[in-house]
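Peer 1: Please find one structure pasted underneath; my questions will follow.
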Amino acid sequence: MYRRHSFFRGLWRHAVLLIFVVFALFPILWVISASFNPSNTLVGQSLIPKNASLANYREIFTSEQYPIALWIKNSIVIGLITSALVVAMTSLAAYAFSRFRFKGRREGLFASLLVQVFPQMLAAVSIYLLVLSIGKLIPALGINTHAGLIMVYLGGAMGVNAWLMKGYFDTIPTSLEESAMIDGASPFQAYYMIILPLARPILAVIFLLQFIGTYSEFILASVLISSSEKYTLAVGLQLFIHDQYASRWGVFSAASVLGALPIVILFMFLQKYLVSGLTSGAVKG
Amino acid sequence: MGKIIKGVILGIVNVVFIWIALYLLSAEAYLVFVLLLLGALLTNLLFIVPKGYPYRYLLPAAFFMILLVVYPIIYTVYISVTNYGTGNILNKEQVIAQLEERYVRDTGSPDFSFSAYRDPQSGLWFLFTDSEGRQMVGHSGELTFVEQGDPLLGQLAGYTELTRVDVAQSLQELQAQSFSYDESRELRMRNINAFNLYEQQYSYDREKDVLLEVQTGTLYTQENGYFQAPDGTRLTPGFRAVIGFDNFRRLFGNPQVTGPFARVFGWTVQWALLSVATTFVVGLFLAILLNDPYLRLRKLYRSLLILPYAIPAFISALIWRGLFNTELGVINQILQATIGSSVRWLQDPLWAKVALVILNLWLGFPYMMIICLGALQSINAEMYEAALVDGATTWQQFCHITMPLLMVSVAPLLVSSFSFNFNNFSVIYLLTAGRPPIVGAQTPAGHTDILISYTYRLAFESGRGTDYGLASAVTLVIFLITGVITFFNFRFTGALEDVSKNV
């Protein structure tokens with residue numbers, strides 16, 4: 001399909017690609033530029049800011065009314081805890097699905113597949129009411145607590161991840177565990193000392209994917225969290241900029257750059273896995 | 001070693017169980033307590049019986065999945081047949097308690113003049129004088145009749161008497177006071193000058209399950225979550241009650257609800273289709289360009305084009321909202337400078353939709369580009385050589401080799417992408433929030449609302465109050481559609497067969 005072509009015949013391709021590169025990069029560059037622009041407004045911004053300064057970034061860390069740095073920290077902490085717990089719990093479940101034969105195994109696998117059909121956020125109303133009543137019994141897990149939000153995320157993350165991880169565990173040969181068990185290891189030791197180290201790539205990928213997903217989650221966080229110092233970045237940033245583009249654009253831009261940075265960096269790490277994961281997903285569903 | 005770990009885990013789990021159980025008992029939540037007890041028993045059983053071994057590994061994941069995914073789905077179904085929402089938030093017991101707390105003035109009541117005092121602990125005392133000159137002292141709900149020279153009067157004299165200004169300032173506190181006068185009547189503040197006798201307005205008959213209005217003798221029976229008089233008057237607040245399929249009837253039968261719902265539904269489908277189509281066409285086009293091994297700088301192009309995908313969507317949506325800003329946004333500035341007119345992006349129904357599609361194209365084309373690149377690379381190059389020998393044009397090669405082979409692996413992802421965008425709440429909500437609003441709709445619906453954002457607004461931000469019942473009914477419609485789409489996708493990809501083959 002492809003042939004070597006002369007420089008000029010190849011030129012239109014570069015022209016088209018350049019148009020899309022501009023489309024893809026313009027908003028990013030525009031925001032980066034705004035973040036260094038001290039005027040803090042949409043009005044009269046140019047791509048290369050005059051008298052660039054770090055004032056907007058300083059504002060993020062010092063503002064008391066809008067503790068944006070704190071929101072970023074909240075998002076990161078919630079993301080880390082959720083991801084760690086998700087990896088721990090799903091790897092246990094996936095190990096059982098992969099290595100044991102027991103009654104209800106097929107049904108369990110089927111259920112974890114079925115649950116993916118119903119994104120958790122669709123049930124936001126009943127989750128809100130559920131957490132409300134949990135909070136009446138156990139205030140630490142109620143509305144407007146990080147623990148409650150993490151608990152909700154844990155529920156939503158099990159289906160997909162258990163399925164993915166089981167697929168990976170299936171590819172690890174059982175002979176290693178078998179010899180370990182002959183030496184007297186329990187199945188739990190085999191899981192802990194053999195499977196987990198061997199499955200490190202998938203654990204890392206699921207951890208990072210879960211982190212990115214949790215970090216970017218908006219609807220449940222906005223329903224469950226209601227006080228400023230507990231906002232995640234997704235909730236806080238939306239309320240911060242809401243119809244205030246004329247007066248807060250600069251600080252917002254700086255917050256966007258800073259808030260997107262952790263995810264962009266993780267994404268760069270993950271790119272290789274993502275590309276292969278997405279296409280293998282295409283075959284497996 | 002294993003035994004110790006097992007013991008420790010079970011110990012911790014049981015401590016947590018007991019801790020929660022104590023909470024539940026003190027909160028008198030007996031149903032949940034019984035459920036917890038069953039859960040605790042099951043857990044202990046699994047840890048003791050050898051046959052339960054594999055299930056131990058599933059416990060934590062299963063617990064969270066059942067509590068926070070399965071239960072909410074079932075609960076959504078339940079709410080959809082109730083009237084839960086503003087006006088019907090409380091349960092029946094609470095509403096009865098609230099109604100029984102209501103008092104009406106006894107129409108024949110004389111005025112009781114009063115003076116109020118504060119003791120050193122800032123407790124309130126009253127000295128009432130009725131129209132016949134009888135005096136009584138009131139404190140913390142109780143009345144004591146006093147004669148001249150009663151020691152209580154001497155006690156009162158030692159407290160600070162409230163001036164008119166003090167009374168006006170602590171009006172709320174004074175209004176909350178009530179003193180039982182006789183069996184059915186209470187002394188309550190009527191205005192700043194006087195207390196009056198009030199009697200209970202309603203009393204509830206537990207056996208007949210009716211509410212009696214004491215003064216008029218009207219009987220209120222319960223009807224669809226309200227206490228209703230024979231003439232149809234309803235008492236507010238109503239209570240939570242199962243009302244059958246009324247929410248669905250409203251959704252499909254009430255023109256003021258059905259109209260907006262149908263428009264929202266139509267746009268949801270259009271939106272999902274447009275999103276998939278635009279991102280796929282652009283993504284595939286770029287993938288074909290980038291798949292050319294002779295293209296210079298292809299790695300650089302690829303890493304630059306993938307960038308929008310790496311930024312959290314909520315940040316991108318908020319950024320684009322700034323770019324689309326009608327008065328000050330850079331897009332309108334560029335349009336002004338080049339073609340001399342600007343577009344009312346977020347105020348005009350059509351342009352708001354265009355803005356959404358542009359944003360979603362920006363967010364989504366890198367994903368399509370990546371998966372198409374992956375799929376293209378798996379197509380055997382010999383096919384094209386054979387086609388070339390047969391004299392096929394580039395277009396023919398594309399139609400007869402590239403597309404069919406590409407679709408085998410990409411089609412299921414397109415379907416997933418369709419259902420993802422069908423429920424793509426954050427993009428819609430953060431760019432347009434469903435606005436501009438549809439004029440004349442009884443429910444809060446906007447021209448760019450999709451079903452999920454419509455549900456969210458019904459439940460959490462309607463100006464006329466929340467309507468959890470209707471929101472849950474809409475949610476069930478979404479469940480149904482998403483479920484059907486995914487089911488066919490599973491059938492297509494053979495995911496279900498994977499399970500049944502027990503891999």
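Note on naming: chains are A, B, ... as they come in the structure tokens, residues start from 1 per chain, ligands start from 1 in the order shown.
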Show which residues sit within 9 Å of stretch 265-272 of chain B, as an NGL selection string. Count only C-alpha atoms, and ignore same-chain residues fewer than 5 positions away.
Peer 2: :B and (260 or 277 or 353 or 356-357 or 417-424 or 447-452)
Peer 1: Output the selection as a tab-separated table (two decimals), in the first residue's frame - N, CA and C atoms for each residue.
Peer 2:
```tsv
chain	number	residue	atom	x	y	z
B	260	PRO	N	-39.29	16.85	26.55
B	260	PRO	CA	-37.86	17.02	26.81
B	260	PRO	C	-37.11	15.70	26.86
B	277	ALA	N	-18.15	8.42	15.13
B	277	ALA	CA	-17.85	8.62	13.71
B	277	ALA	C	-16.70	9.60	13.51
B	353	LYS	N	-23.81	22.16	20.40
B	353	LYS	CA	-23.59	20.77	20.01
B	353	LYS	C	-22.32	20.64	19.17
B	356	LEU	N	-19.36	20.69	21.39
B	356	LEU	CA	-19.18	19.41	22.08
B	356	LEU	C	-18.50	18.39	21.18
B	357	VAL	N	-18.97	18.35	19.92
B	357	VAL	CA	-18.39	17.36	19.00
B	357	VAL	C	-16.92	17.69	18.74
B	417	SER	N	-16.91	2.23	22.48
B	417	SER	CA	-16.78	3.67	22.45
B	417	SER	C	-18.15	4.33	22.36
B	418	PHE	N	-19.06	3.69	21.60
B	418	PHE	CA	-20.43	4.21	21.52
B	418	PHE	C	-21.07	4.22	22.89
B	419	SER	N	-20.98	3.09	23.61
B	419	SER	CA	-21.66	3.10	24.91
B	419	SER	C	-20.94	3.99	25.92
B	420	PHE	N	-19.61	4.13	25.76
B	420	PHE	CA	-18.90	5.07	26.64
B	420	PHE	C	-19.41	6.49	26.42
B	421	ASN	N	-19.50	6.90	25.16
B	421	ASN	CA	-19.95	8.26	24.88
B	421	ASN	C	-21.43	8.46	25.18
B	422	PHE	N	-22.19	7.38	25.07
B	422	PHE	CA	-23.60	7.42	25.44
B	422	PHE	C	-23.73	7.92	26.88
B	423	ASN	N	-22.76	7.56	27.71
B	423	ASN	CA	-22.79	7.95	29.12
B	423	ASN	C	-21.64	8.89	29.47
B	424	ASN	N	-21.18	9.67	28.49
B	424	ASN	CA	-19.99	10.50	28.75
B	424	ASN	C	-20.39	11.77	29.50
B	447	HIS	N	-30.70	21.63	25.82
B	447	HIS	CA	-30.53	21.14	24.45
B	447	HIS	C	-29.36	20.18	24.32
B	448	THR	N	-28.34	20.32	25.16
B	448	THR	CA	-27.18	19.44	25.01
B	448	THR	C	-27.13	18.38	26.11
B	449	ASP	N	-28.17	18.28	26.92
B	449	ASP	CA	-28.20	17.23	27.94
B	449	ASP	C	-28.26	15.86	27.30
B	450	ILE	N	-27.42	14.93	27.79
B	450	ILE	CA	-27.62	13.54	27.42
B	450	ILE	C	-28.30	12.86	28.61
B	451	LEU	N	-28.75	11.64	28.44
B	451	LEU	CA	-29.57	11.01	29.48
B	451	LEU	C	-28.91	11.06	30.86
B	452	ILE	N	-27.62	10.76	30.89
B	452	ILE	CA	-26.97	10.67	32.20
B	452	ILE	C	-26.86	12.03	32.87
```
Peer 1: Could you give me, as CSV, a per-residue list for stretch 293-353 of chain B showing, wherever an atom lies at most 8 Å from an atom of stretch 220-238 of chain A, the closest pair of atoms and their distance in Å to one decimal, using only C-alpha atoms and sorting by chain then residue number from low to high?
Peer 2:
```
residue,atom,partner,partner_atom,distance
B:Phe314,CA,A:Ala234,CA,6.4
B:Ile315,CA,A:Ala234,CA,7.5
B:Leu318,CA,A:Gln238,CA,7.1
```
Peer 1: Would you save the residues of that selection, restricted to all heavy atoms, as an mmCIF file, in the first residue's frame?
Peer 2:
```
data_model
loop_
_atom_site.group_PDB
_atom_site.id
_atom_site.type_symbol
_atom_site.label_atom_id
_atom_site.label_comp_id
_atom_site.auth_asym_id
_atom_site.auth_seq_id
_atom_site.Cartn_x
_atom_site.Cartn_y
_atom_site.Cartn_z
ATOM 1 N N PHE B 314 -11.398 15.901 32.374
ATOM 2 C CA PHE B 314 -12.104 17.003 33.034
ATOM 3 C C PHE B 314 -11.329 18.299 32.885
ATOM 4 O O PHE B 314 -11.910 19.370 32.726
ATOM 5 C CB PHE B 314 -12.379 16.667 34.508
ATOM 6 C CG PHE B 314 -11.185 16.732 35.435
ATOM 7 C CD1 PHE B 314 -10.884 17.896 36.102
ATOM 8 C CD2 PHE B 314 -10.390 15.616 35.644
ATOM 9 C CE1 PHE B 314 -9.790 17.951 36.970
ATOM 10 C CE2 PHE B 314 -9.318 15.662 36.504
ATOM 11 C CZ PHE B 314 -9.010 16.841 37.166
ATOM 12 N N ILE B 315 -9.997 18.206 32.873
ATOM 13 C CA ILE B 315 -9.191 19.414 32.671
ATOM 14 C C ILE B 315 -9.367 19.924 31.237
ATOM 15 O O ILE B 315 -9.601 21.110 31.009
ATOM 16 C CB ILE B 315 -7.705 19.125 32.989
ATOM 17 C CG1 ILE B 315 -7.552 18.844 34.480
ATOM 18 C CG2 ILE B 315 -6.830 20.297 32.574
ATOM 19 C CD1 ILE B 315 -6.128 18.589 34.924
ATOM 20 N N LEU B 318 -12.692 21.704 30.710
ATOM 21 C CA LEU B 318 -12.740 23.050 31.301
ATOM 22 C C LEU B 318 -11.893 24.029 30.495
ATOM 23 O O LEU B 318 -12.265 25.194 30.332
ATOM 24 C CB LEU B 318 -12.261 23.000 32.750
ATOM 25 C CG LEU B 318 -13.207 22.271 33.719
ATOM 26 C CD1 LEU B 318 -12.571 22.115 35.082
ATOM 27 C CD2 LEU B 318 -14.525 23.014 33.836
#
```
Peer 1: Please measure the separation of atom CA of B:Glu327 and atom CA of A:Phe26, giving the value in Å to one decimal.
Peer 2: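 Computing the Euclidean distance for atom CA of B:Glu327 and atom CA of A:Phe26 yields 19.4 Å.
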Peer 1: When you look at B:Ser184 with a cut-off of 12 Å (counting only C-alpha atoms), what residues show up, excluding the ones that are within fewer than 2 positions of it in the same chain? I need them as a PyMOL selection string.
Peer 2: chain B and resi 103-106+179-182+186-187+197-203+214-215
Peer 1: Could you find all residues in stretch 227-353 of chain B that DSSP calls alpha helix (DSSP H) from the backbone, and write them as an MDAnalysis selection string?
Peer 2: chainID B and resid 246:253 255:290 298:305 307:310 313:323 330:339 349:353
Peer 1: Residues within 12 Å of B:Gly329, please, as a PyMOL selection string. Count only C-alpha atoms; anything in the same chain fewer than 6 positions from it doesn't count.
Peer 2: (chain A and resi 27+30+41-46+245-246+249) or (chain B and resi 319-323+335-336+342-346)
Peer 1: Keeping N, CA, C and O atoms, export the residues of the selection given above as a short mmCIF file (atom, residue, chain, number, x, y, z; two decimals), in the first residue's frame.
Peer 2:
```cif
data_model
loop_
_atom_site.label_atom_id
_atom_site.label_comp_id
_atom_site.auth_asym_id
_atom_site.auth_seq_id
_atom_site.Cartn_x
_atom_site.Cartn_y
_atom_site.Cartn_z
N PRO A 27 -4.57 24.02 22.11
CA PRO A 27 -5.15 24.28 23.44
C PRO A 27 -4.13 24.11 24.56
O PRO A 27 -4.12 24.87 25.52
N TRP A 30 -1.71 27.04 24.48
CA TRP A 30 -2.44 28.24 24.88
C TRP A 30 -2.57 28.31 26.40
O TRP A 30 -2.38 29.36 27.02
N THR A 41 -6.50 36.82 33.00
CA THR A 41 -7.80 36.93 32.33
C THR A 41 -7.69 36.43 30.91
O THR A 41 -6.61 36.35 30.33
N LEU A 42 -8.85 36.08 30.35
CA LEU A 42 -8.90 35.64 28.96
C LEU A 42 -8.59 36.79 28.00
O LEU A 42 -8.16 36.59 26.88
N VAL A 43 -8.85 38.02 28.48
CA VAL A 43 -8.77 39.18 27.59
C VAL A 43 -7.33 39.39 27.11
O VAL A 43 -6.40 39.39 27.90
N GLY A 44 -7.21 39.56 25.81
CA GLY A 44 -5.94 40.00 25.22
C GLY A 44 -4.76 39.10 25.48
O GLY A 44 -3.63 39.56 25.59
N GLN A 45 -5.01 37.79 25.59
CA GLN A 45 -3.87 36.88 25.79
C GLN A 45 -3.18 36.64 24.46
O GLN A 45 -3.83 36.60 23.41
N SER A 46 -1.86 36.53 24.49
CA SER A 46 -1.17 36.16 23.26
C SER A 46 -0.40 34.87 23.52
O SER A 46 -0.20 34.50 24.68
N TYR A 245 -14.26 32.75 33.86
CA TYR A 245 -13.13 32.69 32.95
C TYR A 245 -12.46 34.05 32.78
O TYR A 245 -11.27 34.15 32.56
N ALA A 246 -13.26 35.12 32.89
CA ALA A 246 -12.69 36.44 32.68
C ALA A 246 -11.74 36.83 33.81
O ALA A 246 -10.81 37.59 33.60
N TRP A 249 -8.66 33.03 34.72
CA TRP A 249 -8.10 32.21 33.66
C TRP A 249 -6.66 31.82 33.93
O TRP A 249 -6.26 30.68 33.72
N ILE B 319 -10.75 23.54 29.98
CA ILE B 319 -9.92 24.41 29.14
C ILE B 319 -10.69 24.83 27.89
O ILE B 319 -10.75 26.01 27.54
N TRP B 320 -11.31 23.85 27.23
CA TRP B 320 -12.03 24.16 25.99
C TRP B 320 -13.19 25.10 26.26
O TRP B 320 -13.56 25.89 25.40
N ARG B 321 -13.76 25.01 27.45
CA ARG B 321 -14.83 25.93 27.78
C ARG B 321 -14.33 27.38 27.75
O ARG B 321 -15.04 28.28 27.35
N GLY B 322 -13.08 27.54 28.19
CA GLY B 322 -12.49 28.87 28.10
C GLY B 322 -12.23 29.27 26.66
O GLY B 322 -12.46 30.41 26.26
N LEU B 323 -11.74 28.32 25.86
CA LEU B 323 -11.45 28.64 24.46
C LEU B 323 -12.73 28.98 23.70
O LEU B 323 -12.72 29.83 22.80
N LEU B 335 -11.85 33.78 14.79
CA LEU B 335 -12.92 33.91 13.80
C LEU B 335 -13.15 35.39 13.47
O LEU B 335 -13.32 35.75 12.30
N GLN B 336 -13.14 36.23 14.47
CA GLN B 336 -13.30 37.67 14.24
C GLN B 336 -12.21 38.18 13.31
O GLN B 336 -12.48 38.93 12.36
N SER B 342 -18.35 36.29 14.86
CA SER B 342 -18.09 35.30 15.90
C SER B 342 -19.34 34.44 16.11
O SER B 342 -20.42 34.75 15.61
N VAL B 343 -19.16 33.37 16.87
CA VAL B 343 -20.22 32.38 17.03
C VAL B 343 -20.61 32.33 18.51
O VAL B 343 -19.75 32.38 19.38
N ARG B 344 -21.92 32.24 18.76
CA ARG B 344 -22.37 32.14 20.15
C ARG B 344 -22.29 30.66 20.59
O ARG B 344 -23.29 29.97 20.69
N TRP B 345 -21.05 30.22 20.87
CA TRP B 345 -20.79 28.79 21.05
C TRP B 345 -21.67 28.13 22.10
O TRP B 345 -22.27 27.09 21.84
N LEU B 346 -21.69 28.69 23.29
CA LEU B 346 -22.33 27.95 24.37
C LEU B 346 -23.76 28.42 24.64
O LEU B 346 -24.43 27.89 25.50
#
```
Peer 1: Using only C-alpha atoms, which of the listed residues (B:Met136, B:Val477, B:Leu307, B:Ile9) sits closest to chain A?
Peer 2: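 Under the stated criterion, the closest residue is B:Leu307.
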Peer 1: For A:Arg13, work out the shell of residues within 10 Å, counting only C-alpha atoms and skipping chain neighbours fewer than 3 positions away, then give it as a compact mmCIF listing (two decimals) with C-alpha atoms, in the first residue's frame.
Peer 2:
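In the end it all went to around-v4.txt:
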```
# COMPACT_ATOMS: atom_id res chain seq x y z
CA PHE A 8 7.12 17.02 -3.00
CA ARG A 9 4.58 14.23 -3.35
CA GLY A 10 5.04 13.57 0.33
CA VAL A 16 -2.21 17.45 6.76
CA LEU A 17 -0.35 16.03 9.73
CA LEU A 18 0.83 19.50 10.70
CA ILE A 19 -2.77 20.77 10.70
CA LEU B 286 -4.07 9.73 10.69
CA LEU B 289 -0.74 8.38 7.15
CA LEU B 290 1.45 7.43 10.10
CA LEU B 295 7.15 8.92 6.23
```
Peer 1: How many Å separate atom CA of B:Phe280 from atom CA of B:Ile379?
Peer 2: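 According to the coordinates, atom CA of B:Phe280 and atom CA of B:Ile379 are separated by 18.2 Å.
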Peer 1: Contacts of B:Thr455 at 9 Å or less, counting only C-alpha atoms, minus same-chain residues fewer than 5 places along, as a VMD selection string?
Peer 2: (chain A and resid 122 125) or (chain B and resid 450 460 468 470 to 475)
Peer 1: Keeping only C-alpha atoms, write the selected residues to a file as an mmCIF file, in the first residue's frame.
Peer 2:
```
data_model
loop_
_atom_site.group_PDB
_atom_site.id
_atom_site.type_symbol
_atom_site.label_atom_id
_atom_site.label_comp_id
_atom_site.auth_asym_id
_atom_site.auth_seq_id
_atom_site.Cartn_x
_atom_site.Cartn_y
_atom_site.Cartn_z
ATOM 1 C CA LEU A 122 -25.159 5.526 36.558
ATOM 2 C CA VAL A 125 -28.383 8.559 43.031
ATOM 3 C CA ILE B 450 -27.623 13.536 27.424
ATOM 4 C CA PHE B 460 -29.135 16.841 42.348
ATOM 5 C CA TYR B 468 -34.917 10.829 42.803
ATOM 6 C CA LEU B 470 -37.925 10.087 38.082
ATOM 7 C CA ALA B 471 -34.111 10.186 37.955
ATOM 8 C CA SER B 472 -33.976 6.483 38.781
ATOM 9 C CA ALA B 473 -36.592 5.723 36.132
ATOM 10 C CA VAL B 474 -34.394 7.454 33.525
ATOM 11 C CA THR B 475 -31.389 5.543 34.881
#
```
Peer 1: For chain B, which residue out of A:Pro67, A:Gly156, A:Pro49, A:Pro139 is the nearest one, using only C-alpha atoms?
Peer 2: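 Of A:Pro67, A:Gly156, A:Pro49, A:Pro139, the one nearest chain B is A:Gly156, counting only C-alpha atoms.
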Peer 1: Hey, which of A:Arg200, A:Lys50, A:Arg99, A:His146 ends up closest to chain B? Count only C-alpha atoms.
Peer 2: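 Of the candidates, the smallest distance to chain B is held by A:Arg99.
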Peer 1: Please list as a VMD selection string every residue within 12 Å of B:Trp19, counting only C-alpha atoms and excluding residues in the same chain fewer than 5 positions away.
Peer 2: (chain A and resid 137 to 138) or (chain B and resid 12 to 14 24 to 26 33 36 to 37 40)
Peer 1: Quick one: of B:Gly259, B:Gly154, B:Gly225, B:Gly391, who's nearest to chain A, counting only C-alpha atoms?
Peer 2: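 Of B:Gly259, B:Gly154, B:Gly225, B:Gly391, the one nearest chain A, counting only C-alpha atoms, is B:Gly391.
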